[in-house]
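S.K.: First, the structure itself, so that you have it in front of you.
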Amino acid sequence: MSNTTTPQPETTPASPYGTLPPASTPASRKPVSLPRLADMHALGEKITMLTAYDATFAAMADAAGIDCLLVGDSLGMVCQGLASTVGVTLDTMRYHTDSVSRGLRRVQGTAWLIADLPFGSYQESREQALRSATVLMQAGAHMVKLEGGGWTTETVRFLVERGIPVCAHLGLTPQTVHALGGYRVQGKGNAGALLKQQAHALQDAGATMLVLEMVPAALAAELTNELKHCATIGIGAGKGTAGQVLVLHDMLGINLGKMPKFVRNFMADAPGVLPALKTYVQAVKDGSFPDDQLHAW
Ligand code: KIV
């Protein structure tokens, strides 16, 4: 009897520990860019966004067809177990931005990558904001996000003039939760006029995206119609915004606390994570999420 073994056909090696495949087929869509986002905004195509904190989820969300990923400082709560985003440092943001960016590169991902400037990394001066934004851009971000209106306008202008795309963030701004007295709806009644004024100033300064968090749906829809050069991205702001964002773990039902009213658990009816992510993308695109009766004020 011969002891020669029959050569086995070459198979793709297993991918250990849930890591990403070493190579994948090139993406079927072009990378999402600022002009592409502006076109979507102008044409009324809803912009989809989710948070991402690691390489694997970033690659999966990209495979689901997400337009934008946000390395949110919500990672303070989601990944680090902090009570708020106030304790998140620039170095932590750099680490997660780097991981997400690497995940996207591994799968030739196409999503537009936004990273949050954390608390204390841009409040001191415009120059400090530029230094902090540089760290995140060098980690792979395409755009940075910063919270607040009024004093932030000149910071936004300073960054945009230096080639850094900026997403602003108004309404419930978690970094100032202590000053706001908790996670509550913002921009109600007379406060809506100030919020609108701040949003227009941010657009004029060059912000091309604006997250509106926990603001009345009517106010968000009005503002969305007024801002022609800045796409509003809502979270708890109703269906009238140019796009939507959710925290990844919330929309996958990975939340032991009380789920915020504006969240839908897309895992509830899905056979897996990828289908859940695809359903989210589809529901935002076709306008079936959010439902103003259930998810807005
Ligand atoms: O940090 C974050 O995840 C955010 C989103 C909630 C918009 O800012």
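Just so we're on the same page: first chain in the structure tokens is A, next is B, and so on; residues restart at 1 for each chain, and ligands are numbered from 1 in the order they show up.
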Could you pull out all residues of stretch 132-270 of chain A with a DSSP call of alpha helix (DSSP H) and give them as a ChimeraX atom specification?
M.R.: /A:132-138,152-161,177-180,191-205,217-226,248-251
S.K.: Throw together the list of residues within 6 Å of ligand 1, counting only C-alpha atoms and all ligand atoms, and drop it here as a ChimeraX atom specification.
M.R.: /A:51,72-74,247
S.K.: Since we have the selection now, will you write its residues out, keeping N, CA, C and O atoms, as a CSV table (one decimal), in the first residue's frame?
M.R.:
```
chain,number,residue,atom,x,y,z
A,51,THR,N,-22.9,54.3,14.3
A,51,THR,CA,-21.7,54.4,15.0
A,51,THR,C,-20.9,53.1,14.7
A,51,THR,O,-21.5,52.1,14.5
A,72,GLY,N,-18.2,57.4,17.3
A,72,GLY,CA,-18.7,58.4,18.2
A,72,GLY,C,-18.0,58.2,19.6
A,72,GLY,O,-17.6,57.2,20.0
A,73,ASP,N,-18.0,59.4,20.3
A,73,ASP,CA,-17.5,59.3,21.7
A,73,ASP,C,-18.5,58.5,22.6
A,73,ASP,O,-18.2,58.3,23.8
A,74,SER,N,-19.6,58.1,22.1
A,74,SER,CA,-20.5,57.2,22.8
A,74,SER,C,-19.7,55.9,23.1
A,74,SER,O,-20.2,55.1,24.0
A,247,VAL,N,-26.8,54.7,17.5
A,247,VAL,CA,-25.7,54.0,18.1
A,247,VAL,C,-25.9,52.5,17.8
A,247,VAL,O,-26.9,51.9,18.0
```
S.K.: Quick one: residues within 8 Å of A:Val156, only C-alpha atoms, excluding same-chain residues fewer than 2 positions away - as an MDAnalysis selection string?
M.R.: chainID A and resid 152:154 158:160 166 202 205:207
S.K.: So which one's closest to A:Leu277, A:His200, A:Arg264, A:Arg102, A:His169? Using only C-alpha atoms, please.
M.R.: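 For A:Leu277, the nearest of the given residues is A:Arg264.
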S.K.: Atom CA of A:Leu50 to atom CA of A:Ala276: how many Å, to one decimal?
M.R.: 12.3 Å
S.K.: May I ask which of the residues A:Pro31, A:Gly181, A:Gly44, A:Gly236 is the closest one to A:Leu104, counting only C-alpha atoms?
M.R.: A:Pro31
S.K.: Using only C-alpha atoms, determine which residues lie at most 8 Å from A:Val215, disregarding the query and same-chain residues fewer than 4 positions distant; provide the list as a PDB file with C-alpha atoms, in the first residue's frame.
M.R.:
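Generated output (out10.pdb):
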```
ATOM      1  CA  GLY A 171     -29.705  69.718  20.336  1.00  0.00           C
ATOM      2  CA  LEU A 172     -28.799  67.221  23.024  1.00  0.00           C
ATOM      3  CA  VAL A 185     -35.259  67.043  24.508  1.00  0.00           C
ATOM      4  CA  GLN A 186     -33.719  70.360  23.401  1.00  0.00           C
ATOM      5  CA  GLY A 187     -34.988  73.225  21.231  1.00  0.00           C
ATOM      6  CA  LYS A 188     -38.544  73.226  22.542  1.00  0.00           C
ATOM      7  CA  LEU A 219     -38.105  71.926  14.191  1.00  0.00           C
ATOM      8  CA  ALA A 220     -35.722  69.395  12.610  1.00  0.00           C
ATOM      9  CA  GLY A 236     -34.442  61.372  17.959  1.00  0.00           C
ATOM     10  CA  ALA A 237     -35.297  64.235  15.591  1.00  0.00           C
ATOM     11  CA  TRP A 297     -41.113  64.329  19.920  1.00  0.00           C
TER      12      TRP A 297
END
```
S.K.: What separation in Å, quoted to one decimal, exists between atom CA of A:Leu274 and atom CA of A:Lys30?
M.R.: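 Calculated distance between atom CA of A:Leu274 and atom CA of A:Lys30 is 20.4 Å.
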S.K.: For A:Leu90, work out the shell of residues within 7 Å, counting only C-alpha atoms and skipping chain neighbours fewer than 3 positions away, then give it as a PDB file with C-alpha atoms, in the first residue's frame.
M.R.:
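Saved file result_19.pdb follows:
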```
ATOM      1  CA  MET A  93     -10.686  58.292  19.914  1.00  0.00           C
ATOM      2  CA  ARG A  94      -7.515  57.912  17.871  1.00  0.00           C
ATOM      3  CA  PRO A 118     -13.871  64.401  22.400  1.00  0.00           C
ATOM      4  CA  SER A 121      -9.928  68.458  22.740  1.00  0.00           C
TER       5      SER A 121
END
```
S.K.: Taking into account only C-alpha atoms, which residue in the set A:Ala83, A:Leu227, A:Val281, A:Ala59 is nearest to A:His178?
M.R.: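 Using only C-alpha atoms, the shortest distance to A:His178 belongs to A:Ala83.
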S.K.: With distances taken over only C-alpha atoms, which residue among A:Ile114, A:Ile235, A:Tyr122, A:Ala64 lies nearest A:Thr173?
M.R.: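 The answer is A:Ile235, which sits nearest to A:Thr173.
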S.K.: Apply DSSP to the backbone of this structure and, from stretch 218-292 of chain A, keep only the residues in strand (DSSP E or B); write these as a list in words.
M.R.: Ala231, Thr232, Ile233, Gly234, Ile235, Gly243, Gln244, Val245 and Leu246 of chain A
S.K.: Quick one: residues within 12 Å of A:Asp286, only C-alpha atoms counted, chain neighbours fewer than 4 positions away excluded, as a list in words?
M.R.: Gly44, Glu45, Lys46, Ile47, Thr48, Lys239, Gly243, Gln244, Thr279, Tyr280, Val281, Gln282, Pro290 and Asp291 of chain A
S.K.: Selected residues, N, CA, C and O atoms, written as a compact mmCIF listing (two decimals), in the first residue's frame, please.
M.R.:
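This is the output file out28.txt:
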```txt
# COMPACT_ATOMS: atom_id res chain seq x y z
N GLY A 44 -32.49 64.40 -2.30
CA GLY A 44 -33.44 63.89 -1.31
C GLY A 44 -33.26 62.42 -1.00
O GLY A 44 -34.15 61.80 -0.44
N GLU A 45 -32.08 61.86 -1.34
CA GLU A 45 -31.83 60.46 -0.94
C GLU A 45 -31.35 60.46 0.51
O GLU A 45 -30.38 61.15 0.85
N LYS A 46 -32.02 59.70 1.35
CA LYS A 46 -31.67 59.70 2.78
C LYS A 46 -30.26 59.17 3.00
O LYS A 46 -29.85 58.17 2.38
N ILE A 47 -29.53 59.82 3.88
CA ILE A 47 -28.16 59.42 4.21
C ILE A 47 -28.20 58.51 5.45
O ILE A 47 -28.83 58.85 6.45
N THR A 48 -27.55 57.35 5.34
CA THR A 48 -27.57 56.40 6.45
C THR A 48 -26.25 56.47 7.22
O THR A 48 -25.17 56.52 6.63
N LYS A 239 -38.49 62.04 11.19
CA LYS A 239 -38.15 61.51 9.87
C LYS A 239 -37.82 62.59 8.85
O LYS A 239 -37.46 62.28 7.71
N GLY A 243 -30.87 62.65 6.88
CA GLY A 243 -30.35 61.32 7.15
C GLY A 243 -30.60 60.94 8.60
O GLY A 243 -31.17 61.72 9.37
N GLN A 244 -30.18 59.74 8.96
CA GLN A 244 -30.39 59.24 10.32
C GLN A 244 -29.12 58.59 10.84
O GLN A 244 -28.37 57.99 10.07
N THR A 279 -31.44 45.89 7.05
CA THR A 279 -32.82 46.37 7.25
C THR A 279 -32.81 47.82 7.71
O THR A 279 -33.64 48.63 7.29
N TYR A 280 -31.83 48.17 8.57
CA TYR A 280 -31.72 49.56 9.01
C TYR A 280 -31.46 50.48 7.81
O TYR A 280 -32.15 51.49 7.62
N VAL A 281 -30.49 50.10 6.98
CA VAL A 281 -30.15 50.92 5.81
C VAL A 281 -31.39 51.10 4.94
O VAL A 281 -31.74 52.22 4.54
N GLN A 282 -32.09 50.00 4.68
CA GLN A 282 -33.27 50.04 3.82
C GLN A 282 -34.37 50.91 4.45
O GLN A 282 -35.01 51.72 3.77
N PRO A 290 -37.16 56.77 10.94
CA PRO A 290 -37.99 56.55 12.13
C PRO A 290 -39.47 56.80 11.84
O PRO A 290 -39.80 57.42 10.83
N ASP A 291 -40.30 56.32 12.77
CA ASP A 291 -41.72 56.58 12.72
C ASP A 291 -41.99 57.69 13.74
O ASP A 291 -41.74 57.51 14.93
```
S.K.: Go through A:Ile254, A:Leu37, A:Met259, A:Val245 one by one, measure the shortest atom-to-atom distance of each to A:Phe289 using only C-alpha atoms, and give the residue with the smallest value.
M.R.: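 So, comparing all the options, the nearest one is A:Val245.
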S.K.: Between atom CA of A:Ala168 and atom CA of A:Leu146, measure the distance and give it in Å to one decimal.
M.R.: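 Going from atom CA of A:Ala168 over to atom CA of A:Leu146, I get 5.4 Å.
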